[in-house]
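File shown: upload02.pdb (PDB, C-alpha atoms).
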MODEL        1
ATOM      1  CA  MET A 402     -24.459   4.954   4.559
ATOM      2  CA  THR A 403     -25.492   1.379   3.937
ATOM      3  CA  VAL A 404     -24.450  -1.341   1.553
ATOM      4  CA  GLU A 405     -26.651  -1.804  -1.481
ATOM      5  CA  THR A 406     -27.761  -5.382  -0.937
ATOM      6  CA  HIS A 407     -29.119  -5.608  -4.471
ATOM      7  CA  SER A 408     -25.624  -5.157  -5.889
ATOM      8  CA  ALA A 409     -24.977  -7.368  -8.873
ATOM      9  CA  SER A 410     -21.889  -8.801  -7.191
ATOM     10  CA  LEU A 411     -23.179  -9.416  -3.660
ATOM     11  CA  HIS A 412     -23.836 -13.079  -4.389
ATOM     12  CA  LEU A 413     -20.151 -13.456  -5.275
ATOM     13  CA  VAL A 414     -18.932 -12.200  -1.877
ATOM     14  CA  ASP A 415     -17.555 -14.914   0.395
ATOM     15  CA  PRO A 416     -20.220 -15.513   3.099
ATOM     16  CA  GLU A 417     -17.659 -14.924   5.860
ATOM     17  CA  LEU A 418     -16.931 -11.466   4.445
ATOM     18  CA  ARG A 419     -20.496 -10.177   4.104
ATOM     19  CA  ALA A 420     -21.060  -9.081   7.689
ATOM     20  CA  ALA A 421     -18.026  -6.783   7.596
ATOM     21  CA  LEU A 422     -19.656  -4.778   4.802
ATOM     22  CA  ASP A 423     -22.190  -3.438   7.309
ATOM     23  CA  ALA A 424     -19.376  -1.998   9.436
ATOM     24  CA  PHE A 425     -17.469  -0.623   6.418
ATOM     25  CA  PRO A 426     -20.161   0.733   4.096
ATOM     26  CA  THR A 427     -19.423   1.740   0.541
ATOM     27  CA  PHE A 428     -19.251   5.452  -0.306
ATOM     28  CA  ASP A 429     -18.039   7.740  -3.067
ATOM     29  CA  LEU A 430     -15.245   9.964  -1.807
ATOM     30  CA  ASN A 431     -15.351  13.605  -2.932
ATOM     31  CA  GLU A 432     -14.068  17.031  -1.900
ATOM     32  CA  ASP A 433     -16.994  17.587   0.490
ATOM     33  CA  LEU A 434     -16.606  14.242   2.255
ATOM     34  CA  LEU A 435     -12.799  14.373   2.479
ATOM     35  CA  PRO A 436     -12.539  16.871   5.388
ATOM     36  CA  VAL A 437     -15.288  15.026   7.256
ATOM     37  CA  MET A 438     -13.427  11.734   7.038
ATOM     38  CA  ARG A 439     -10.163  13.349   8.010
ATOM     39  CA  ALA A 440     -11.804  14.971  11.032
ATOM     40  CA  GLN A 441     -13.221  11.613  12.102
ATOM     41  CA  GLY A 442      -9.733  10.145  12.085
ATOM     42  CA  PHE A 443      -9.916   7.735   9.174
ATOM     43  CA  GLY A 444      -8.461   4.392  10.187
ATOM     44  CA  VAL A 445      -6.736   5.488  13.414
ATOM     45  CA  ASP A 446      -8.699   3.402  15.965
ATOM     46  CA  VAL A 447      -6.157   0.752  16.929
ATOM     47  CA  PRO A 448      -6.823  -1.929  19.577
ATOM     48  CA  PRO A 449      -4.069  -2.591  22.095
ATOM     49  CA  PRO A 450      -1.521  -5.148  20.923
ATOM     50  CA  GLN A 451      -1.530  -8.643  22.363
ATOM     51  CA  GLY A 452       0.978 -11.483  22.454
ATOM     52  CA  PRO A 453       4.386 -10.934  20.822
ATOM     53  CA  ALA A 454       3.219  -7.676  19.227
ATOM     54  CA  ALA A 455       2.928  -6.114  22.681
ATOM     55  CA  GLY A 456       6.702  -6.282  23.120
ATOM     56  CA  VAL A 457       7.503  -4.350  19.949
ATOM     57  CA  ALA A 458       8.898  -0.888  20.723
ATOM     58  CA  VAL A 459       7.431   2.017  18.744
ATOM     59  CA  GLU A 460       9.247   5.323  18.347
ATOM     60  CA  ARG A 461       8.228   8.469  16.488
ATOM     61  CA  ILE A 462      11.225   9.704  14.500
ATOM     62  CA  THR A 463      11.888  12.453  11.984
ATOM     63  CA  VAL A 464      13.707  11.683   8.751
ATOM     64  CA  PRO A 465      15.467  14.521   6.886
ATOM     65  CA  GLY A 466      13.714  15.481   3.677
ATOM     66  CA  ARG A 467      15.511  15.035   0.379
ATOM     67  CA  ASP A 468      16.890  17.993  -1.602
ATOM     68  CA  GLY A 469      15.170  20.698   0.408
ATOM     69  CA  GLU A 470      11.891  18.833   0.876
ATOM     70  CA  PRO A 471      10.289  18.954   4.367
ATOM     71  CA  ASP A 472      11.381  16.496   7.024
ATOM     72  CA  VAL A 473       9.306  13.327   7.204
ATOM     73  CA  SER A 474       7.659  11.928  10.320
ATOM     74  CA  CYS A 475       7.793   8.127  10.628
ATOM     75  CA  LEU A 476       7.026   5.380  13.126
ATOM     76  CA  LEU A 477       9.922   3.019  13.835
ATOM     77  CA  TYR A 478       9.067  -0.484  15.105
ATOM     78  CA  THR A 479      11.740  -2.571  16.834
ATOM     79  CA  PRO A 480      10.949  -6.129  17.985
ATOM     80  CA  PRO A 481      12.603  -7.425  21.167
ATOM     81  CA  GLY A 482      15.258 -10.080  21.355
ATOM     82  CA  ARG A 483      16.949  -9.482  18.013
ATOM     83  CA  THR A 484      20.397 -11.045  17.640
ATOM     84  CA  GLY A 485      22.657 -10.162  14.754
ATOM     85  CA  GLN A 486      21.396  -8.334  11.713
ATOM     86  CA  SER A 487      17.810  -8.463  10.520
ATOM     87  CA  GLY A 488      15.969  -7.302   7.457
ATOM     88  CA  ALA A 489      13.863  -4.147   7.352
ATOM     89  CA  TYR A 490      10.504  -3.274   5.869
ATOM     90  CA  LEU A 491       9.524   0.212   4.717
ATOM     91  CA  HIS A 492       5.740   0.341   5.071
ATOM     92  CA  ILE A 493       3.511   2.846   3.264
ATOM     93  CA  HIS A 494      -0.069   3.234   4.493
ATOM     94  CA  GLY A 495      -3.199   3.309   2.359
ATOM     95  CA  GLY A 496      -5.979   5.866   2.096
ATOM     96  CA  GLY A 497      -6.614   6.646  -1.549
ATOM     97  CA  TYR A 498      -3.655   9.085  -1.629
ATOM     98  CA  VAL A 499      -5.763  11.564   0.380
ATOM     99  CA  LEU A 500      -6.448   9.926   3.772
ATOM    100  CA  GLY A 501      -4.725   8.121   6.604
ATOM    101  CA  ASP A 502      -1.442   8.136   8.457
ATOM    102  CA  ALA A 503       1.180   5.735   9.732
ATOM    103  CA  ALA A 504      -0.656   5.166  13.020
ATOM    104  CA  MET A 505      -3.637   3.569  11.281
ATOM    105  CA  SER A 506      -1.546   0.452  10.648
ATOM    106  CA  GLU A 507       0.021   0.241  14.103
ATOM    107  CA  LEU A 508      -1.439  -3.109  15.143
ATOM    108  CA  SER A 509      -0.627  -4.871  11.871
ATOM    109  CA  ASN A 510       2.840  -3.307  11.776
ATOM    110  CA  ARG A 511       3.575  -4.382  15.350
ATOM    111  CA  SER A 512       2.423  -7.882  14.511
ATOM    112  CA  LEU A 513       4.470  -8.025  11.322
ATOM    113  CA  ALA A 514       7.651  -6.780  13.005
ATOM    114  CA  ALA A 515       7.207  -9.363  15.755
ATOM    115  CA  ALA A 516       6.450 -12.235  13.364
ATOM    116  CA  ILE A 517       9.453 -11.605  11.122
ATOM    117  CA  GLY A 518      11.811 -10.141  13.712
ATOM    118  CA  CYS A 519      12.548  -7.188  11.455
ATOM    119  CA  ILE A 520      12.881  -3.445  11.807
ATOM    120  CA  LEU A 521       9.821  -1.722  10.329
ATOM    121  CA  LEU A 522       9.597   1.931   9.346
ATOM    122  CA  SER A 523       6.158   3.356   8.472
ATOM    123  CA  VAL A 524       6.016   6.684   6.644
ATOM    124  CA  ASP A 525       3.688   9.622   7.332
ATOM    125  CA  TYR A 526       3.916  10.898   3.783
ATOM    126  CA  ARG A 527       2.249  14.125   2.687
ATOM    127  CA  LEU A 528      -1.286  13.688   1.412
ATOM    128  CA  ALA A 529      -2.970  14.948  -1.737
ATOM    129  CA  PRO A 530      -4.483  17.263  -2.818
ATOM    130  CA  GLU A 531      -2.409  19.574  -0.595
ATOM    131  CA  THR A 532       0.722  17.854  -1.917
ATOM    132  CA  ARG A 533       0.709  16.666  -5.509
ATOM    133  CA  TRP A 534       2.996  14.109  -7.112
ATOM    134  CA  PRO A 535       5.890  13.582  -6.446
ATOM    135  CA  GLY A 536       5.793  14.904  -2.874
ATOM    136  CA  ALA A 537       4.582  11.710  -1.185
ATOM    137  CA  VAL A 538       6.998   9.447  -3.052
ATOM    138  CA  GLU A 539       9.883  11.797  -2.239
ATOM    139  CA  ASP A 540       8.912  11.411   1.424
ATOM    140  CA  CYS A 541       9.044   7.637   1.020
ATOM    141  CA  TYR A 542      12.343   7.869  -0.852
ATOM    142  CA  ALA A 543      13.805   9.921   2.020
ATOM    143  CA  ALA A 544      12.695   7.200   4.449
ATOM    144  CA  LEU A 545      14.283   4.522   2.256
ATOM    145  CA  GLY A 546      17.514   6.506   2.233
ATOM    146  CA  TRP A 547      17.393   6.882   6.020
ATOM    147  CA  LEU A 548      17.053   3.111   6.446
ATOM    148  CA  HIS A 549      20.104   2.530   4.280
ATOM    149  CA  ALA A 550      22.130   5.259   5.984
ATOM    150  CA  ASN A 551      21.278   3.957   9.464
ATOM    151  CA  ALA A 552      21.370   0.233   8.705
ATOM    152  CA  ASN A 553      24.469  -0.507  10.778
ATOM    153  CA  ARG A 554      23.179   1.401  13.803
ATOM    154  CA  LEU A 555      19.802  -0.327  13.574
ATOM    155  CA  GLY A 556      21.287  -3.767  13.102
ATOM    156  CA  VAL A 557      19.829  -4.027   9.614
ATOM    157  CA  ASP A 558      21.327  -5.838   6.654
ATOM    158  CA  HIS A 559      21.085  -3.184   3.940
ATOM    159  CA  GLN A 560      20.841  -5.978   1.369
ATOM    160  CA  ARG A 561      17.550  -7.071   2.978
ATOM    161  CA  ILE A 562      15.379  -3.966   2.828
ATOM    162  CA  ALA A 563      11.892  -4.376   1.385
ATOM    163  CA  ILE A 564       9.168  -1.844   0.611
ATOM    164  CA  GLY A 565       5.429  -2.219   0.417
ATOM    165  CA  GLY A 566       1.959  -1.188   1.412
ATOM    166  CA  GLU A 567      -1.745  -1.566   0.891
ATOM    167  CA  SER A 568      -3.995   0.172  -1.652
ATOM    168  CA  ALA A 569      -2.599   3.686  -2.168
ATOM    169  CA  GLY A 570       0.381   2.595  -0.069
ATOM    170  CA  GLY A 571       0.951  -0.197  -2.549
ATOM    171  CA  GLY A 572       0.696   2.345  -5.350
ATOM    172  CA  HIS A 573       3.297   4.577  -3.722
ATOM    173  CA  ALA A 574       5.505   1.524  -3.127
ATOM    174  CA  ALA A 575       5.283   0.552  -6.799
ATOM    175  CA  SER A 576       6.217   4.111  -7.785
ATOM    176  CA  LEU A 577       9.036   4.147  -5.232
ATOM    177  CA  ALA A 578      10.478   0.946  -6.710
ATOM    178  CA  LEU A 579      10.458   2.555 -10.150
ATOM    179  CA  VAL A 580      12.041   5.776  -8.884
ATOM    180  CA  ALA A 581      14.711   3.860  -6.940
ATOM    181  CA  ARG A 582      15.488   1.726 -10.000
ATOM    182  CA  ASP A 583      15.942   4.801 -12.169
ATOM    183  CA  ARG A 584      18.096   6.703  -9.649
ATOM    184  CA  GLY A 585      20.238   3.707  -8.765
ATOM    185  CA  GLU A 586      21.092   4.886  -5.241
ATOM    186  CA  TYR A 587      19.445   2.267  -3.035
ATOM    187  CA  ARG A 588      18.912  -1.439  -3.471
ATOM    188  CA  ILE A 589      15.447  -2.821  -2.724
ATOM    189  CA  ARG A 590      15.273  -6.546  -1.967
ATOM    190  CA  HIS A 591      11.529  -6.969  -2.497
ATOM    191  CA  GLN A 592       8.350  -4.998  -3.215
ATOM    192  CA  HIS A 593       5.204  -6.090  -1.392
ATOM    193  CA  LEU A 594       2.064  -4.827  -3.075
ATOM    194  CA  ILE A 595      -1.308  -5.485  -1.441
ATOM    195  CA  TYR A 596      -4.194  -4.620  -3.792
ATOM    196  CA  PRO A 597      -2.135  -1.665  -5.011
ATOM    197  CA  MET A 598      -3.696   1.461  -6.535
ATOM    198  CA  ILE A 599      -1.571   1.711  -9.683
ATOM    199  CA  ASP A 600      -3.712   2.848 -12.646
ATOM    200  CA  ASP A 601      -5.507   6.211 -12.801
ATOM    201  CA  ARG A 602      -7.566   5.018 -15.758
ATOM    202  CA  THR A 603      -9.492   2.328 -13.880
ATOM    203  CA  GLY A 604     -13.129   3.285 -13.578
ATOM    204  CA  SER A 605     -12.654   6.593 -15.371
ATOM    205  CA  THR A 606     -11.392   6.208 -18.937
ATOM    206  CA  VAL A 607     -11.018   2.404 -18.717
ATOM    207  CA  PRO A 608     -13.866   0.328 -17.268
ATOM    208  CA  ALA A 609     -13.186  -1.952 -14.341
ATOM    209  CA  LEU A 610     -13.707  -5.675 -14.752
ATOM    210  CA  PRO A 611     -17.306  -6.873 -14.367
ATOM    211  CA  TYR A 612     -18.351  -7.260 -10.702
ATOM    212  CA  ALA A 613     -15.303  -5.323  -9.502
ATOM    213  CA  GLY A 614     -15.509  -2.203  -7.358
ATOM    214  CA  ASP A 615     -19.024  -2.449  -5.972
ATOM    215  CA  PHE A 616     -17.812  -2.419  -2.370
ATOM    216  CA  VAL A 617     -15.630  -0.194  -0.162
ATOM    217  CA  TRP A 618     -13.577   1.568  -2.881
ATOM    218  CA  THR A 619     -15.533   2.639  -5.930
ATOM    219  CA  ALA A 620     -14.707   4.018  -9.362
ATOM    220  CA  ALA A 621     -15.818   7.487  -8.232
ATOM    221  CA  SER A 622     -13.549   7.381  -5.178
ATOM    222  CA  ASN A 623     -10.716   6.164  -7.359
ATOM    223  CA  ALA A 624     -11.116   9.024  -9.818
ATOM    224  CA  PHE A 625     -11.155  11.501  -6.924
ATOM    225  CA  GLY A 626      -7.992  10.087  -5.324
ATOM    226  CA  TRP A 627      -6.015  10.002  -8.553
ATOM    227  CA  SER A 628      -7.155  13.477  -9.614
ATOM    228  CA  ALA A 629      -6.069  14.812  -6.219
ATOM    229  CA  LEU A 630      -2.630  13.241  -6.579
ATOM    230  CA  LEU A 631      -1.969  14.181 -10.201
ATOM    231  CA  GLY A 632      -3.668  17.582 -10.291
ATOM    232  CA  HIS A 633      -5.716  16.790 -13.393
ATOM    233  CA  PRO A 634      -8.686  14.493 -14.146
ATOM    234  CA  ALA A 635      -7.892  10.827 -13.655
ATOM    235  CA  GLY A 636      -7.187   8.841 -16.777
ATOM    236  CA  THR A 637      -6.379  11.833 -18.952
ATOM    237  CA  GLY A 638      -3.192  13.286 -20.367
ATOM    238  CA  GLU A 639       0.316  11.941 -19.956
ATOM    239  CA  PRO A 640       1.167  11.431 -16.265
ATOM    240  CA  PRO A 641       4.580  12.342 -14.857
ATOM    241  CA  ARG A 642       7.200   9.618 -15.125
ATOM    242  CA  ASN A 643       6.612   6.825 -12.577
ATOM    243  CA  ALA A 644       3.531   8.532 -11.082
ATOM    244  CA  VAL A 645       1.183   5.866 -12.466
ATOM    245  CA  PRO A 646       3.021   2.528 -12.352
ATOM    246  CA  ALA A 647       0.608   0.753 -14.697
ATOM    247  CA  ARG A 648       1.375   3.306 -17.397
ATOM    248  CA  VAL A 649       5.163   2.845 -17.184
ATOM    249  CA  GLU A 650       6.299   0.939 -20.265
ATOM    250  CA  ASP A 651       9.522  -0.615 -18.942
ATOM    251  CA  LEU A 652       9.145  -2.747 -15.801
ATOM    252  CA  SER A 653      12.493  -4.494 -16.116
ATOM    253  CA  GLY A 654      14.975  -4.317 -13.275
ATOM    254  CA  LEU A 655      12.357  -4.061 -10.531
ATOM    255  CA  PRO A 656      12.779  -6.070  -7.322
ATOM    256  CA  PRO A 657      11.124  -9.464  -6.800
ATOM    257  CA  THR A 658       7.456  -8.877  -6.097
ATOM    258  CA  PHE A 659       4.562 -10.218  -4.082
ATOM    259  CA  LEU A 660       1.273  -8.887  -5.441
ATOM    260  CA  GLY A 661      -1.907  -9.809  -3.600
ATOM    261  CA  THR A 662      -5.337  -8.713  -4.748
ATOM    262  CA  ALA A 663      -9.026  -9.611  -4.446
ATOM    263  CA  ALA A 664     -11.388 -10.900  -7.092
ATOM    264  CA  LEU A 665     -14.071  -8.234  -6.436
ATOM    265  CA  ASP A 666     -11.655  -5.351  -5.823
ATOM    266  CA  LEU A 667     -11.867  -2.409  -8.218
ATOM    267  CA  PHE A 668      -8.113  -2.898  -8.733
ATOM    268  CA  VAL A 669      -8.174  -6.575  -9.695
ATOM    269  CA  GLY A 670      -7.845  -5.938 -13.434
ATOM    270  CA  GLU A 671      -4.957  -3.494 -13.158
ATOM    271  CA  ASN A 672      -3.271  -5.717 -10.554
ATOM    272  CA  LEU A 673      -3.487  -8.838 -12.714
ATOM    273  CA  ASP A 674      -2.156  -6.961 -15.707
ATOM    274  CA  TYR A 675       0.719  -5.482 -13.688
ATOM    275  CA  GLY A 676       1.631  -8.917 -12.388
ATOM    276  CA  ARG A 677       1.594 -10.315 -15.925
ATOM    277  CA  ARG A 678       3.796  -7.477 -17.162
ATOM    278  CA  LEU A 679       6.263  -7.935 -14.283
ATOM    279  CA  ILE A 680       6.588 -11.609 -15.193
ATOM    280  CA  ALA A 681       7.045 -10.715 -18.859
ATOM    281  CA  ALA A 682       9.791  -8.264 -17.842
ATOM    282  CA  GLY A 683      11.709 -11.012 -16.042
ATOM    283  CA  VAL A 684      10.788  -9.898 -12.513
ATOM    284  CA  PRO A 685      10.261 -12.819 -10.096
ATOM    285  CA  THR A 686       6.613 -12.372  -9.156
ATOM    286  CA  GLU A 687       4.182 -14.141  -6.852
ATOM    287  CA  LEU A 688       0.549 -13.280  -7.629
ATOM    288  CA  VAL A 689      -2.285 -14.167  -5.239
ATOM    289  CA  VAL A 690      -5.978 -13.497  -5.921
ATOM    290  CA  ALA A 691      -8.462 -13.953  -3.068
ATOM    291  CA  PRO A 692     -11.804 -15.284  -4.361
ATOM    292  CA  GLY A 693     -15.036 -13.708  -3.175
ATOM    293  CA  ALA A 694     -13.134 -10.819  -1.617
ATOM    294  CA  TYR A 695     -13.377  -7.036  -1.901
ATOM    295  CA  HIS A 696     -10.976  -4.169  -1.196
ATOM    296  CA  GLY A 697      -9.552  -4.297   2.335
ATOM    297  CA  PHE A 698     -11.245  -7.598   3.178
ATOM    298  CA  ASN A 699      -8.312  -9.100   5.049
ATOM    299  CA  GLY A 700      -8.267  -6.226   7.527
ATOM    300  CA  PHE A 701     -12.034  -5.903   7.874
ATOM    301  CA  ALA A 702     -12.601  -9.642   8.445
ATOM    302  CA  PRO A 703      -9.218 -11.117   9.422
ATOM    303  CA  ASP A 704     -10.694 -14.305  10.882
ATOM    304  CA  ALA A 705     -12.404 -15.372   7.653
ATOM    305  CA  ALA A 706     -10.746 -18.371   6.026
ATOM    306  CA  VAL A 707      -9.982 -16.469   2.822
ATOM    307  CA  SER A 708      -8.383 -13.670   4.865
ATOM    308  CA  ARG A 709      -6.267 -16.075   6.897
ATOM    309  CA  GLY A 710      -4.986 -17.737   3.736
ATOM    310  CA  PHE A 711      -4.235 -14.407   2.076
ATOM    311  CA  ASN A 712      -2.490 -12.958   5.137
ATOM    312  CA  SER A 713      -0.458 -16.121   5.592
ATOM    313  CA  ALA A 714       0.754 -16.029   1.984
ATOM    314  CA  SER A 715       1.631 -12.356   2.363
ATOM    315  CA  LEU A 716       3.558 -12.900   5.591
ATOM    316  CA  GLU A 717       5.459 -15.900   4.256
ATOM    317  CA  ALA A 718       6.486 -14.007   1.113
ATOM    318  CA  LEU A 719       7.872 -11.153   3.197
ATOM    319  CA  ARG A 720       9.569 -13.551   5.581
ATOM    320  CA  ARG A 721      11.302 -15.314   2.699
ATOM    321  CA  ALA A 722      12.478 -11.970   1.342
ATOM    322  CA  ILE A 723      13.891 -10.351   4.476
ATOM    323  CA  GLY A 724      13.505 -12.778   7.397
TER     324      GLY A 724
ENDMDL
END
Mind turning this structure into structure tokens?
Amino acid sequence: MTVETHSASLHLVDPELRAALDAFPTFDLNEDLLPVMRAQGFGVDVPPPQGPAAGVAVERITVPGRDGEPDVSCLLYTPPGRTGQSGAYLHIHGGGYVLGDAAMSELSNRSLAAAIGCILLSVDYRLAPETRWPGAVEDCYAALGWLHANANRLGVDHQRIAIGGESAGGGHAASLALVARDRGEYRIRHQHLIYPMIDDRTGSTVPALPYAGDFVWTAASNAFGWSALLGHPAGTGEPPRNAVPARVEDLSGLPPTFLGTAALDLFVGENLDYGRRLIAAGVPTELVVAPGAYHGFNGFAPDAAVSRGFNSASLEALRRAIG
């Protein structure tokens, strides 16, 4: 697969981000391509850590499932040299709700744990379409509960636990924040949403913004991922409560939020609207939009100036919340 260089939005892509498009070509995900991508190990090639990240201990643990649900496999990251209590970050990986695992983010999670000095727990939630809503979010909720229950043993301040993720992981994090708010069992200090996948209507029953979604994650892939999660065509019907964060009317009472997105990302419209609605609901919200950038840019081309600025803002927001 190759990038369509005649795309109407190619001229808007930051020059430092264009080369990465050749290594991460755009495709339309479907039921035939899904098993192929899973077999190839989507996103699991991780280079060895360097610098402070190399000293972060990684342990595979199993978290008890909630209310008869299956146990949940997670990766627990512990940085060296911690003194006293630290914050904790519950990380939820991306993959369009249908791909990926916790290991795909190992390098970035090691680096984040080292930079902030926090405990980090990354969840191997169940994927769609084999598991429909709310299975994955219940897995994440079980992991959140485990962090709270084990805070003292881990040296974690249970008042400084944040949640977040990228793309579909950001979507699950947004849903988790809504579920946790409604249940009232666990306090969340901060939600960290990186180009979150939060509206099943985008690109299906509601058009994306002009120039958005030409690269990496397309409207067709989006419709496939949402349909797999919900069990019915994306953008139709009334979704289950909290399954589609952008379609939840009441956003009050949610934790302070960092929401980072990209100007050419399919999700930019839904992300901007969600940020506006959070602000209108009285939720302290920091909103960052990377110009000339597409979905996943900051991981594909981390040395680009726009990626460095975006990643720095993201890290500083999380550090302020739980550091």
Interatomic distance, CA of Ala421 in chain A to CA of Val617 in chain A (Å, one decimal):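 CA of Val617 in chain A lies 10.5 Å from CA of Ala421 in chain A.
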Surrounding residues of range 629-645 of chain A excluding itself and chain neighbours under 6 positions, 10 Å, all atoms listed in the file, as an MDAnalysis selection string: chainID A and resid 431:432 497:499 528:538 572:573 575:580 583 598:607 623
Interatomic distance (Å, one decimal) between CA of Arg419 in chain A and CA of Val669 in chain A: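 The value is 18.8 Å.
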Residue nearest Pro453 in chain A - candidates A:Val649, A:Asn510, A:Asp615, A:Val689, atoms counted: all atoms listed in the file: A:Asn510
Distance criterion (only C-alpha atoms): nearest to Ala706 in chain A out of A:Met438, A:Leu476, A:Leu660, A:Ala691: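 Of A:Met438, A:Leu476, A:Leu660, A:Ala691, the one nearest Ala706 in chain A is A:Ala691, counting only C-alpha atoms.
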Counting all atoms listed in the file, the option among A:Glu586, A:Asp651, A:Ser410, A:Ala503 closest to Leu610 in chain A: A:Ser410
Length of the CA of Val707 in chain A to CA of Leu500 in chain A vector [Å]: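 CA of Leu500 in chain A lies 26.6 Å from CA of Val707 in chain A.
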Among listed residues A:Thr658, A:Thr427, A:Asn551, A:Ser713, nearest Gln592 in chain A (using all atoms listed in the file): A:Thr658
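Evaluated against this file, the PyMOL selection byres ((chain A and resi 564) around 6) yields Tyr490, Leu491, Ala563, Gly565 and Gln592 of chain A.
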Which protein, DNA or RNA residues have an atom at most 6 Å from (11.3, -4.1, -4.9), counting all atoms listed in the file? List them as an mmCIF file with C-alpha atoms, keeping the file's coordinate frame.
data_model
loop_
_atom_site.group_PDB
_atom_site.id
_atom_site.type_symbol
_atom_site.label_atom_id
_atom_site.label_comp_id
_atom_site.auth_asym_id
_atom_site.auth_seq_id
_atom_site.Cartn_x
_atom_site.Cartn_y
_atom_site.Cartn_z
ATOM 1 C CA ALA A 578 10.478 0.946 -6.710
ATOM 2 C CA ILE A 589 15.447 -2.821 -2.724
ATOM 3 C CA ARG A 590 15.273 -6.546 -1.967
ATOM 4 C CA HIS A 591 11.529 -6.969 -2.497
ATOM 5 C CA GLN A 592 8.350 -4.998 -3.215
ATOM 6 C CA LEU A 655 12.357 -4.061 -10.531
ATOM 7 C CA PRO A 656 12.779 -6.070 -7.322
ATOM 8 C CA PRO A 657 11.124 -9.464 -6.800
#
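Checking A:Gly724, A:Gly469, A:Pro416, A:Gly495 one by one against Ile520 in chain A, counting all atoms listed in the file, you find the shortest gap at A:Gly724.
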Hits of the PyMOL selection byres ((chain A and resi 705) around 12) in this structure, as number ranges by chain: A: 414-421, 691, 693-694, 698-704, 706-712
Hits from the PyMOL selection byres ((chain A and resi 594) around 6), listed as a list of chain:residue names: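 Taken on the displayed file, the PyMOL selection byres ((chain A and resi 594) around 6) yields the residues A:Gly565, A:Gly566, A:Gly571, A:His593, A:Ile595, A:Pro597, A:Leu660.
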Selected residue of minimal separation from Pro436 in chain A among A:Pro481, A:Gly501, A:Gly518, A:Gly546, counting all atoms listed in the file: A:Gly501
Mind working out the centre and edge lengths of an axis-aligned box for range 707-722 of chain A, all listed atoms inside, 3 Å added to each side, rounded to one decimal in Å and written as JSON?
{"center_x": 1.2, "center_y": -14.4, "center_z": 4.0, "size_x": 28.5, "size_y": 12.6, "size_z": 11.8}
Ala489 in chain A surroundings by all atoms listed in the file, 8 Å radius, close-in-sequence under 5 positions cut, as a ChimeraX atom specification: /A:519-522,548,557-558,561-563,723
